[in-house]
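Shown next: run_19.tsv, given as TSV, C-alpha atoms.
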```
chain	number	residue	atom	x	y	z
A	271	MET	CA	0.00	0.00	0.00
A	272	ARG	CA	1.15	3.54	-0.79
A	273	ASP	CA	-0.33	6.37	1.25
A	274	PHE	CA	-0.03	10.08	0.62
A	275	ILE	CA	-1.02	12.88	3.00
A	276	LEU	CA	-1.53	16.35	1.53
A	277	TYR	CA	-1.60	19.27	3.97
A	278	SER	CA	-3.86	22.01	2.60
A	279	GLY	CA	-3.77	25.22	4.61
A	280	LYS	CA	-6.79	26.88	2.99
A	281	GLY	CA	-8.72	23.99	1.42
A	282	ALA	CA	-12.46	24.56	1.89
A	283	THR	CA	-14.12	22.58	4.70
A	284	SER	CA	-17.69	23.05	3.49
A	285	SER	CA	-19.42	22.62	0.14
A	286	GLY	CA	-19.82	26.40	-0.25
A	287	PHE	CA	-17.11	26.86	-2.88
A	288	THR	CA	-17.84	27.39	-6.55
A	289	LEU	CA	-16.62	25.18	-9.38
A	290	LYS	CA	-15.95	28.34	-11.39
A	291	ASP	CA	-13.30	29.46	-8.93
A	292	LEU	CA	-11.55	26.46	-7.43
A	293	PRO	CA	-8.29	28.37	-6.75
A	294	GLY	CA	-9.98	31.21	-4.83
A	295	SER	CA	-13.26	30.07	-3.32
A	296	GLY	CA	-12.05	26.48	-2.92
A	297	GLY	CA	-8.76	27.40	-1.24
A	298	ARG	CA	-6.71	25.91	-4.11
A	299	MET	CA	-9.15	23.08	-4.70
A	300	ASP	CA	-7.63	22.97	-8.22
A	301	LEU	CA	-4.30	21.95	-6.73
A	302	ILE	CA	-6.02	19.42	-4.48
A	303	SER	CA	-7.86	17.90	-7.44
A	304	ARG	CA	-4.65	17.57	-9.42
A	305	CYS	CA	-3.11	15.76	-6.46
A	306	VAL	CA	-6.02	13.31	-6.50
A	307	ILE	CA	-5.39	12.70	-10.21
A	308	SER	CA	-1.65	12.16	-9.87
A	309	SER	CA	-2.06	9.95	-6.78
A	310	LEU	CA	-4.69	7.62	-8.11
A	311	TRP	CA	-4.49	7.36	-11.87
A	312	LEU	CA	-2.21	5.69	-14.34
A	313	SER	CA	-2.79	5.97	-18.06
A	314	ARG	CA	-5.25	3.12	-18.34
A	315	LYS	CA	-6.16	2.26	-14.79
A	316	VAL	CA	-6.71	3.45	-11.26
A	317	ARG	CA	-3.93	2.68	-8.79
A	318	ASP	CA	-5.66	0.22	-6.50
A	319	ASP	CA	-2.73	0.16	-4.07
A	320	THR	CA	-2.88	3.87	-3.25
A	321	ARG	CA	-4.81	6.21	-0.96
A	322	LEU	CA	-4.63	9.99	-0.68
A	323	HIS	CA	-5.52	11.75	2.57
A	324	ILE	CA	-6.30	15.45	2.13
A	325	SER	CA	-6.04	17.44	5.33
A	326	LEU	CA	-8.26	20.50	4.81
A	327	ASN	CA	-7.60	23.40	7.15
A	328	GLY	CA	-9.47	26.27	5.50
A	329	PRO	CA	-12.76	27.87	6.60
A	330	PRO	CA	-15.40	27.36	7.84
A	331	ASN	CA	-15.06	24.11	9.73
A	332	PRO	CA	-11.46	22.84	10.06
A	333	PRO	CA	-10.05	20.32	10.38
A	334	VAL	CA	-11.61	17.98	7.85
A	335	THR	CA	-9.80	15.10	6.20
A	336	ILE	CA	-11.03	13.57	2.96
A	337	ARG	CA	-9.60	10.23	1.97
A	338	PHE	CA	-9.60	8.91	-1.60
A	339	ILE	CA	-9.17	5.14	-1.86
A	340	GLY	CA	-8.05	3.96	-5.30
A	341	LYS	CA	-9.38	0.43	-4.94
A	342	LYS	CA	-12.92	1.52	-4.11
A	343	LEU	CA	-13.28	4.57	-6.31
A	344	GLU	CA	-16.28	4.66	-8.66
A	345	ARG	CA	-17.71	7.12	-11.16
A	346	VAL	CA	-14.97	9.68	-10.59
A	347	THR	CA	-13.15	10.90	-13.69
A	348	PRO	CA	-9.66	12.39	-13.64
A	349	ASP	CA	-10.27	16.08	-14.32
A	350	GLU	CA	-10.18	18.98	-11.88
A	351	ARG	CA	-13.84	19.91	-12.16
A	352	ASN	CA	-15.19	16.40	-11.69
A	353	ILE	CA	-13.04	15.70	-8.67
A	354	ALA	CA	-13.87	19.04	-7.09
A	355	LEU	CA	-17.55	18.30	-7.73
A	356	TRP	CA	-17.25	15.03	-5.81
A	357	ILE	CA	-15.46	16.77	-2.94
A	358	LYS	CA	-18.27	19.33	-2.91
A	359	LYS	CA	-20.93	16.59	-2.87
A	360	VAL	CA	-19.18	14.68	-0.14
A	361	LEU	CA	-18.88	17.80	2.03
A	362	GLU	CA	-22.55	18.54	1.36
A	363	ARG	CA	-23.70	15.07	2.37
A	364	THR	CA	-21.53	14.60	5.38
A	365	GLU	CA	-21.07	16.59	8.50
A	366	ALA	CA	-17.44	15.91	9.26
A	367	ASN	CA	-18.09	16.00	12.97
A	368	SER	CA	-16.76	12.58	13.82
A	369	GLU	CA	-13.30	11.12	13.81
A	370	ASP	CA	-14.72	7.95	12.26
A	371	TRP	CA	-14.39	7.60	8.51
A	372	ASN	CA	-17.75	8.26	6.91
A	373	GLU	CA	-17.95	6.87	3.37
A	374	ALA	CA	-19.97	9.52	1.60
A	375	HIS	CA	-19.35	8.03	-1.85
A	376	GLU	CA	-17.64	4.84	-3.03
A	377	GLY	CA	-13.97	5.35	-2.32
A	378	ILE	CA	-14.30	8.81	-0.77
A	379	GLN	CA	-14.38	9.05	3.02
A	380	VAL	CA	-14.64	12.01	5.37
A	381	SER	CA	-13.52	12.52	8.95
A	382	SER	CA	-12.90	15.35	11.39
A	383	GLN	CA	-9.41	14.03	12.11
A	384	SER	CA	-6.64	16.61	12.11
A	385	PHE	CA	-3.36	16.41	10.21
A	386	ARG	CA	-1.63	15.11	13.33
A	387	ASP	CA	-4.34	12.49	13.91
A	388	ILE	CA	-3.81	11.22	10.39
A	389	VAL	CA	-0.04	11.04	10.73
A	390	ARG	CA	-0.29	9.35	14.14
A	391	GLY	CA	-2.82	6.89	12.74
A	392	PHE	CA	-0.13	5.30	10.59
A	393	GLY	CA	1.58	4.04	13.71
A	394	ASP	CA	4.73	2.16	12.89
A	395	ARG	CA	4.70	2.56	9.12
A	396	GLN	CA	7.72	4.46	7.82
A	397	THR	CA	6.75	8.00	6.94
A	398	TYR	CA	8.56	10.46	4.64
A	399	VAL	CA	8.02	14.16	4.15
A	400	LEU	CA	8.94	15.80	0.87
A	401	HIS	CA	11.42	18.54	1.64
A	402	GLU	CA	13.98	20.34	-0.49
A	403	GLU	CA	16.70	19.67	2.07
A	404	GLY	CA	16.00	15.96	2.42
A	405	GLY	CA	18.06	13.11	1.02
A	406	ASP	CA	17.65	12.31	-2.67
A	407	ILE	CA	14.79	9.84	-3.13
A	408	ARG	CA	16.79	7.98	-5.80
A	409	GLU	CA	19.54	7.27	-3.27
A	410	SER	CA	17.25	6.52	-0.33
A	411	GLU	CA	15.98	3.29	1.04
A	412	ILE	CA	12.19	3.29	0.92
A	413	THR	CA	10.45	0.69	3.04
A	414	GLU	CA	7.46	-1.33	1.89
A	415	ASP	CA	4.09	0.35	2.40
A	416	PRO	CA	5.52	3.86	2.66
A	417	VAL	CA	3.61	6.97	3.69
A	418	PHE	CA	4.53	10.27	1.99
A	419	ILE	CA	3.57	13.68	3.36
A	420	LEU	CA	3.60	16.89	1.36
A	421	GLY	CA	2.23	20.42	1.52
A	422	ASP	CA	0.29	22.60	-0.87
A	423	HIS	CA	1.65	25.76	-2.56
A	424	GLU	CA	2.28	27.35	0.84
A	425	GLY	CA	3.96	24.28	2.27
A	426	ILE	CA	3.46	22.66	5.63
A	427	PRO	CA	3.31	25.25	8.48
A	428	GLU	CA	6.27	25.39	10.83
A	429	ARG	CA	4.35	24.06	13.84
A	430	GLU	CA	3.35	20.97	11.87
A	431	ARG	CA	6.90	20.58	10.56
A	432	ASP	CA	8.11	20.61	14.16
A	433	PHE	CA	5.57	17.92	14.97
A	434	LEU	CA	6.83	15.79	12.07
A	435	ASP	CA	10.44	16.26	13.21
A	436	GLY	CA	9.46	15.11	16.67
A	437	ALA	CA	7.68	12.09	15.23
A	438	GLY	CA	10.83	10.95	13.40
A	439	VAL	CA	9.51	11.51	9.90
A	440	GLU	CA	12.30	11.29	7.32
A	441	LYS	CA	12.92	14.18	4.91
A	442	ILE	CA	13.27	13.23	1.30
A	443	SER	CA	13.89	15.35	-1.79
A	444	LEU	CA	13.01	14.95	-5.47
A	445	GLY	CA	15.71	16.99	-7.15
A	446	PRO	CA	17.18	20.45	-7.46
A	447	GLU	CA	13.92	22.27	-8.11
A	448	SER	CA	10.78	22.86	-6.08
A	449	TYR	CA	7.83	21.21	-7.78
A	450	PHE	CA	4.04	21.46	-7.64
A	451	SER	CA	2.45	19.02	-5.20
A	452	SER	CA	0.83	17.01	-8.00
A	453	GLN	CA	4.11	16.84	-9.93
A	454	SER	CA	5.87	15.63	-6.78
A	455	ILE	CA	3.37	12.82	-6.26
A	456	ALA	CA	3.88	11.66	-9.87
A	457	MET	CA	7.66	11.56	-9.31
A	458	VAL	CA	7.36	9.59	-6.07
A	459	HIS	CA	5.10	7.04	-7.80
A	460	ASN	CA	7.55	6.73	-10.70
A	461	GLU	CA	10.42	6.00	-8.31
A	462	LEU	CA	8.38	3.36	-6.47
A	463	ASP	CA	7.15	1.81	-9.74
A	464	ARG	CA	10.75	1.41	-10.90
A	465	ARG	CA	11.69	-0.37	-7.68
A	466	MET	CA	8.82	-2.84	-8.03
A	467	GLU	CA	9.91	-3.98	-11.50
B	100	MET	CA	15.58	25.42	-24.49
B	101	ARG	CA	13.24	22.51	-23.81
B	102	ASP	CA	10.43	21.92	-26.26
B	103	PHE	CA	7.48	19.59	-25.88
B	104	ILE	CA	5.00	18.59	-28.59
B	105	LEU	CA	1.68	17.12	-27.49
B	106	TYR	CA	-0.38	15.30	-30.13
B	107	SER	CA	-4.08	15.66	-29.33
B	108	GLY	CA	-6.36	13.58	-31.53
B	109	LYS	CA	-9.63	15.22	-30.54
B	110	GLY	CA	-8.61	18.58	-29.05
B	111	ALA	CA	-11.08	21.26	-30.13
B	112	THR	CA	-9.99	23.53	-32.98
B	113	SER	CA	-12.56	26.25	-32.36
B	114	SER	CA	-13.70	28.17	-29.30
B	115	GLY	CA	-17.05	26.34	-29.26
B	116	PHE	CA	-16.29	24.08	-26.32
B	117	THR	CA	-17.68	24.68	-22.84
B	118	LEU	CA	-15.62	25.18	-19.69
B	119	LYS	CA	-18.13	22.96	-17.87
B	120	ASP	CA	-17.19	19.97	-19.98
B	121	LEU	CA	-13.53	20.15	-20.94
B	122	PRO	CA	-13.16	16.35	-21.29
B	123	GLY	CA	-16.13	15.92	-23.66
B	124	SER	CA	-16.81	19.15	-25.53
B	125	GLY	CA	-13.15	20.19	-25.48
B	126	GLY	CA	-11.79	16.85	-26.70
B	127	ARG	CA	-9.86	16.28	-23.46
B	128	MET	CA	-9.03	19.94	-23.02
B	129	ASP	CA	-8.61	19.05	-19.30
B	130	LEU	CA	-5.69	16.80	-20.20
B	131	ILE	CA	-4.25	19.48	-22.48
B	132	SER	CA	-4.49	22.09	-19.72
B	133	ARG	CA	-2.71	19.82	-17.25
B	134	CYS	CA	0.07	19.39	-19.80
B	135	VAL	CA	0.42	23.17	-20.01
B	136	ILE	CA	0.71	23.29	-16.21
B	137	SER	CA	3.29	20.54	-15.95
B	138	SER	CA	5.33	21.89	-18.87
B	139	LEU	CA	5.56	25.48	-17.79
B	140	TRP	CA	5.32	25.76	-14.02
B	141	LEU	CA	7.59	25.07	-11.12
B	142	SER	CA	6.47	25.67	-7.57
B	143	ARG	CA	7.34	29.33	-7.44
B	144	LYS	CA	8.09	30.29	-11.01
B	145	VAL	CA	7.34	29.77	-14.67
B	146	ARG	CA	9.89	27.76	-16.62
B	147	ASP	CA	11.25	30.41	-18.94
B	148	ASP	CA	13.32	27.87	-20.88
B	149	THR	CA	10.33	25.78	-22.01
B	150	ARG	CA	7.71	25.84	-24.74
B	151	LEU	CA	4.77	23.49	-25.28
B	152	HIS	CA	3.33	22.94	-28.75
B	153	ILE	CA	-0.19	21.48	-28.73
B	154	SER	CA	-1.19	19.87	-32.01
B	155	LEU	CA	-4.99	19.96	-32.06
B	156	ASN	CA	-6.63	17.55	-34.49
B	157	GLY	CA	-10.26	17.57	-33.36
B	158	PRO	CA	-13.25	19.23	-35.06
B	159	PRO	CA	-14.15	21.58	-36.65
B	160	ASN	CA	-11.01	23.03	-38.19
B	161	PRO	CA	-7.91	20.80	-37.87
B	162	PRO	CA	-5.02	21.08	-37.80
B	163	VAL	CA	-4.37	23.90	-35.35
B	164	THR	CA	-1.25	24.20	-33.24
B	165	ILE	CA	-1.19	26.33	-30.10
B	166	ARG	CA	2.19	27.18	-28.68
B	167	PHE	CA	2.72	28.22	-25.04
B	168	ILE	CA	5.98	30.05	-24.43
B	169	GLY	CA	7.06	30.09	-20.77
B	170	LYS	CA	9.23	33.18	-21.05
B	171	LYS	CA	6.49	35.38	-22.48
B	172	LEU	CA	3.46	34.09	-20.60
B	173	GLU	CA	1.37	36.66	-18.74
B	174	ARG	CA	-1.83	36.61	-16.69
B	175	VAL	CA	-2.27	32.85	-17.05
B	176	THR	CA	-2.71	30.92	-13.80
B	177	PRO	CA	-1.95	27.22	-13.45
B	178	ASP	CA	-5.39	25.65	-13.15
B	179	GLU	CA	-7.35	23.71	-15.79
B	180	ARG	CA	-10.20	26.15	-16.13
B	181	ASN	CA	-8.04	29.25	-16.52
B	182	ILE	CA	-5.79	27.66	-19.11
B	183	ALA	CA	-8.75	26.29	-21.06
B	184	LEU	CA	-10.31	29.76	-20.92
B	185	TRP	CA	-7.19	31.25	-22.53
B	186	ILE	CA	-7.18	28.57	-25.21
B	187	LYS	CA	-10.83	29.38	-25.86
B	188	LYS	CA	-10.08	33.12	-26.09
B	189	VAL	CA	-7.13	32.57	-28.36
B	190	LEU	CA	-9.19	30.37	-30.70
B	191	GLU	CA	-11.95	32.98	-30.67
B	192	ARG	CA	-9.62	35.83	-31.56
B	193	THR	CA	-7.58	34.09	-34.16
B	194	GLU	CA	-8.47	32.33	-37.33
B	195	ALA	CA	-5.75	29.71	-37.48
B	196	ASN	CA	-5.62	29.90	-41.23
B	197	SER	CA	-1.98	30.73	-41.60
B	198	GLU	CA	1.15	28.76	-40.96
B	199	ASP	CA	2.70	31.85	-39.41
B	200	TRP	CA	2.63	32.08	-35.63
B	201	ASN	CA	-0.04	34.56	-34.62
B	202	GLU	CA	0.44	35.80	-31.04
B	203	ALA	CA	-3.12	36.03	-29.80
B	204	HIS	CA	-2.08	36.67	-26.19
B	205	GLU	CA	1.30	37.23	-24.53
B	206	GLY	CA	3.05	33.89	-24.71
B	207	ILE	CA	0.28	32.02	-26.56
B	208	GLN	CA	0.61	31.66	-30.33
B	209	VAL	CA	-1.60	29.99	-32.92
B	210	SER	CA	-0.84	28.50	-36.31
B	211	SER	CA	-2.44	26.17	-38.84
B	212	GLN	CA	0.71	24.04	-38.92
B	213	SER	CA	0.17	20.29	-38.69
B	214	PHE	CA	1.89	17.89	-36.32
B	215	ARG	CA	4.38	16.99	-39.03
B	216	ASP	CA	5.07	20.65	-39.82
B	217	ILE	CA	5.89	21.24	-36.15
B	218	VAL	CA	8.20	18.24	-35.91
B	219	ARG	CA	9.95	19.15	-39.18
B	220	GLY	CA	10.31	22.74	-37.98
B	221	PHE	CA	12.79	21.64	-35.34
B	222	GLY	CA	15.23	20.70	-38.10
B	223	ASP	CA	18.43	19.29	-36.66
B	224	ARG	CA	17.51	19.40	-32.99
B	225	GLN	CA	17.48	15.95	-31.37
B	226	THR	CA	13.92	14.76	-30.92
B	227	TYR	CA	12.61	12.06	-28.59
B	228	VAL	CA	9.21	10.42	-28.47
B	229	LEU	CA	7.89	8.98	-25.22
B	230	HIS	CA	7.17	5.32	-25.82
B	231	GLU	CA	6.83	2.36	-23.48
B	232	GLU	CA	9.29	0.33	-25.54
B	233	GLY	CA	11.97	3.01	-25.70
B	234	GLY	CA	15.23	3.09	-23.79
B	235	ASP	CA	15.10	4.18	-20.16
B	236	ILE	CA	15.43	7.97	-19.93
B	237	ARG	CA	17.68	7.63	-16.87
B	238	GLU	CA	20.18	5.60	-18.89
B	239	SER	CA	19.92	7.66	-22.07
B	240	GLU	CA	22.04	10.45	-23.35
B	241	ILE	CA	19.90	13.54	-23.81
B	242	THR	CA	21.36	16.28	-25.96
B	243	GLU	CA	21.16	19.96	-25.12
B	244	ASP	CA	17.97	21.69	-26.27
B	245	PRO	CA	15.96	18.49	-26.58
B	246	VAL	CA	12.51	18.17	-28.13
B	247	PHE	CA	10.08	15.67	-26.56
B	248	ILE	CA	6.98	14.37	-28.31
B	249	LEU	CA	4.08	12.66	-26.60
B	250	GLY	CA	0.48	11.72	-27.21
B	251	ASP	CA	-2.77	12.25	-25.32
B	252	HIS	CA	-4.83	9.44	-23.70
B	253	GLU	CA	-5.26	7.76	-27.10
B	254	GLY	CA	-1.59	8.02	-28.00
B	255	ILE	CA	-0.05	9.11	-31.26
B	256	PRO	CA	-1.81	7.52	-34.29
B	257	GLU	CA	0.09	4.85	-36.17
B	258	ARG	CA	0.56	6.92	-39.33
B	259	GLU	CA	2.20	9.67	-37.30
B	260	ARG	CA	4.31	7.13	-35.45
B	261	ASP	CA	5.51	5.83	-38.81
B	262	PHE	CA	6.39	9.37	-39.78
B	263	LEU	CA	8.40	9.79	-36.56
B	264	ASP	CA	10.21	6.52	-37.18
B	265	GLY	CA	11.12	7.69	-40.66
B	266	ALA	CA	12.36	11.00	-39.27
B	267	GLY	CA	14.78	9.24	-36.92
B	268	VAL	CA	13.07	10.28	-33.71
B	269	GLU	CA	14.43	8.33	-30.72
B	270	LYS	CA	12.06	6.35	-28.49
B	271	ILE	CA	12.48	6.89	-24.80
B	272	SER	CA	10.65	5.42	-21.82
B	273	LEU	CA	9.93	6.65	-18.30
B	274	GLY	CA	9.53	3.40	-16.40
B	275	PRO	CA	7.49	0.24	-16.16
B	276	GLU	CA	4.07	1.91	-16.13
B	277	SER	CA	2.15	3.96	-18.65
B	278	TYR	CA	1.57	7.45	-17.29
B	279	PHE	CA	-0.74	10.38	-18.01
B	280	SER	CA	0.72	12.88	-20.46
B	281	SER	CA	1.03	15.58	-17.79
B	282	GLN	CA	2.73	13.17	-15.38
B	283	SER	CA	5.16	12.17	-18.13
B	284	ILE	CA	6.12	15.78	-18.79
B	285	ALA	CA	6.82	16.31	-15.07
B	286	MET	CA	9.11	13.27	-15.05
B	287	VAL	CA	11.02	14.39	-18.13
B	288	HIS	CA	11.57	17.83	-16.57
B	289	ASN	CA	12.76	16.24	-13.33
B	290	GLU	CA	15.33	14.15	-15.19
B	291	LEU	CA	16.60	17.19	-17.11
B	292	ASP	CA	16.68	19.34	-13.94
B	293	ARG	CA	18.87	16.73	-12.24
B	294	ARG	CA	21.33	16.74	-15.13
B	295	MET	CA	21.69	20.52	-15.03
B	296	GLU	CA	22.71	20.55	-11.37
```
Would you mind writing the file's structure down as structure tokens?
Amino acid sequence: MRDFILYSGKGATSSGFTLKDLPGSGGRMDLISRCVISSLWLSRKVRDDTRLHISLNGPPNPPVTIRFIGKKLERVTPDERNIALWIKKVLERTEANSEDWNEAHEGIQVSSQSFRDIVRGFGDRQTYVLHEEGGDIRESEITEDPVFILGDHEGIPERERDFLDGAGVEKISLGPESYFSSQSIAMVHNELDRRME
Amino acid sequence: MRDFILYSGKGATSSGFTLKDLPGSGGRMDLISRCVISSLWLSRKVRDDTRLHISLNGPPNPPVTIRFIGKKLERVTPDERNIALWIKKVLERTEANSEDWNEAHEGIQVSSQSFRDIVRGFGDRQTYVLHEEGGDIRESEITEDPVFILGDHEGIPERERDFLDGAGVEKISLGPESYFSSQSIAMVHNELDRRME
């Protein structure tokens, strides 16, 4: 299993955003949707070994975490608008007022768990955070069933970075440039795919 | 300079598509927009050394090629809807009835050149086509100022593949899986970024 956790500082926590303005009203819901695409899709199939956990910390009701589960996903197509529409529907249907995972649509679950809850929930699984100062992923040992954490365009806030440091999360880097979150996820997958050959 | 050429079999060649249905009415304009994003943006800047040429072969007026030039791009934001909106505007403003490049907006040019015209236009520059059976990009020599060619979800049609073979274009692969076009572009960039360190 591959798990990704995306920290979104401003991602909307209610269905009140508009599909015509995902970057503004959705708190960069465009970026979030692209991360769903690059986490869960290959050219001709869905990655059934992958889940993406989106930690939403924007108004009006943070924290909310939405979890996309490749293996269970149905009727979702890989374009920004469709994915944002499903996130909107799921937030409309479900009050994220419980830490339990509420499956609001096949393969899309909602919870009121915070970023730290999500990270802690992985227990003993080896966890990596994408960071420009980390070791090169190509030179790093990656355990089976890895968990990768990354931020949105504003990155992970310092207080959460401190928490990750304290939790022993390993920093890992993708190269000399700083990439979009969705691009980073694609590169991590590619590295893992190559190792499974 | 890095140049990418995307072959789109059904990409709309007039402004008649709707932003509410980029996959259907736009002939996978969602996919095209994501390729623009992954070609031209890094986390905090536009790639001013990169251009993307989109060969549109859908109805009603093929062929049309739209060229995005990183260095000149203005007022375009990296989300599917905004990029599709600019493509729509550019197709509205410009009759693509000339092989000359008509700059319909800063950094976005339109021409009636075909896929083959575009490929031929690169003359002596080394050109690579992304192909599952090609040599591994990590093990391949890539010349300076490379040109990379890739297809959309349906791939490059056989007649155009034959043309590329005849033109001596080198096949190159990204790994054991078949990736989305936008993911592939991100991986190519990452490999080139690493070599420039």
### Task
Work out how far apart atom CA of Ala266 of chain B and atom CA of Val228 of chain B are and give it in Å to one decimal.
11.3 Å
### Task
Check every residue of chain B for an atom within 9 Å of chain A, counting only C-alpha atoms, and provide those that qualify as a PyMOL selection string.
chain B and resi 118-122+129-130+133+137+140-143+177-180+252+273-283+285-286+289-290+292-293+295-296
Quick one: axis-aligned box around all listed atoms of segment 265-282 of chain B, 8 Å on every side, centre and edge lengths in Å to one decimal, written as AutoDock Vina command-line options.
```
--center_x 7.0 --center_y 7.9 --center_z -28.0 --size_x 31.5 --size_y 31.3 --size_z 41.3
```
### Task
Using only C-alpha atoms, determine which residues lie at most 9 Å from Phe214 of chain B, disregarding the query and same-chain residues fewer than 5 positions distant; provide the list as a PyMOL selection string.
chain B and resi 104-106+153-156+162-164+219+259
### Query
Expressed in Å to a single decimal, how great is the separation between atom CA of Arg101 of chain B and atom CA of Phe247 of chain B?
8.0 Å
### Message
Quick check, in Å to one decimal: how far apart do atom CA of Ile378 of chain A and atom CA of Arg431 of chain A lie?
### Response
26.8 Å
### Query
Which residues, written as JSON, numbers by chain, have at least one atom at most 8 Å from Gly340 of chain A, with all atoms listed in the file counted and residues fewer than 2 positions away on the same chain left out?
{"A": [310, 316, 317, 318, 319, 320, 321, 338, 342, 343, 377]}
Just-selected residues, C-alpha atoms written as an mmCIF file, keeping the file's coordinate frame:
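Okay, this is what ended up in selection00.cif:
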```cif
data_model
loop_
_atom_site.group_PDB
_atom_site.id
_atom_site.type_symbol
_atom_site.label_atom_id
_atom_site.label_comp_id
_atom_site.auth_asym_id
_atom_site.auth_seq_id
_atom_site.Cartn_x
_atom_site.Cartn_y
_atom_site.Cartn_z
ATOM 1 C CA LEU A 310 -4.690 7.620 -8.110
ATOM 2 C CA VAL A 316 -6.710 3.450 -11.260
ATOM 3 C CA ARG A 317 -3.930 2.680 -8.790
ATOM 4 C CA ASP A 318 -5.660 0.220 -6.500
ATOM 5 C CA ASP A 319 -2.730 0.160 -4.070
ATOM 6 C CA THR A 320 -2.880 3.870 -3.250
ATOM 7 C CA ARG A 321 -4.810 6.210 -0.960
ATOM 8 C CA PHE A 338 -9.600 8.910 -1.600
ATOM 9 C CA LYS A 342 -12.920 1.520 -4.110
ATOM 10 C CA LEU A 343 -13.280 4.570 -6.310
ATOM 11 C CA GLY A 377 -13.970 5.350 -2.320
#
```
### Task
Counting only C-alpha atoms, figure out which residue out of B:Arg215, B:Leu249, B:Ser107, B:Thr112 gets nearest to Phe262 of chain B.
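The shortest atom-to-atom distance to Phe262 of chain B comes from B:Arg215.
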### Message
Applying 12 Å and only C-alpha atoms, which residues near Asp435 of chain A remain after dropping the ones on its own chain fewer than 4 positions away? List them as a list in words.
### Response
Val389, Thr397, Tyr398, Val399, His401, Glu428, Arg429, Glu430, Arg431, Val439, Glu440 and Lys441 of chain A
#### Entry: Which of A:Lys358, A:Lys341, A:Arg395, A:His323 sits closest to Trp371 of chain A [using all atoms listed in the file]
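Once distances to Trp371 of chain A are computed over all atoms listed in the file, the minimum belongs to A:His323.
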### Message
Ranking A:Ile339, A:Ala282, A:Cys305, A:Val417 by minimum distance to Ile357 of chain A and counting only C-alpha atoms, which one comes first?
### Response
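Smallest separation from Ile357 of chain A among the options: A:Ala282.
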### Query
Using all atoms listed in the file, which of B:Gly108, B:Gln212, B:Val135, B:Met100 sits nearest Gly250 of chain B?
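Nearest to Gly250 of chain B: B:Gly108.
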#### Entry: Close residues, Ala374 of chain A itself excluded, 10 Å, only C-alpha atoms, min 3 positions apart in chain, as a list in words
Ile336, Trp356, Ile357, Lys359, Val360, Leu361, Glu362, Arg363, Thr364, Glu365, Trp371, Gly377, Ile378, Gln379 and Val380 of chain A
### Task
Would you mind telling me which residue in B:Lys109, B:His204, B:Arg237, B:Arg174 lies nearest to Pro158 of chain B when using all atoms listed in the file?
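Using all atoms listed in the file, Pro158 of chain B sits closest to B:Lys109.
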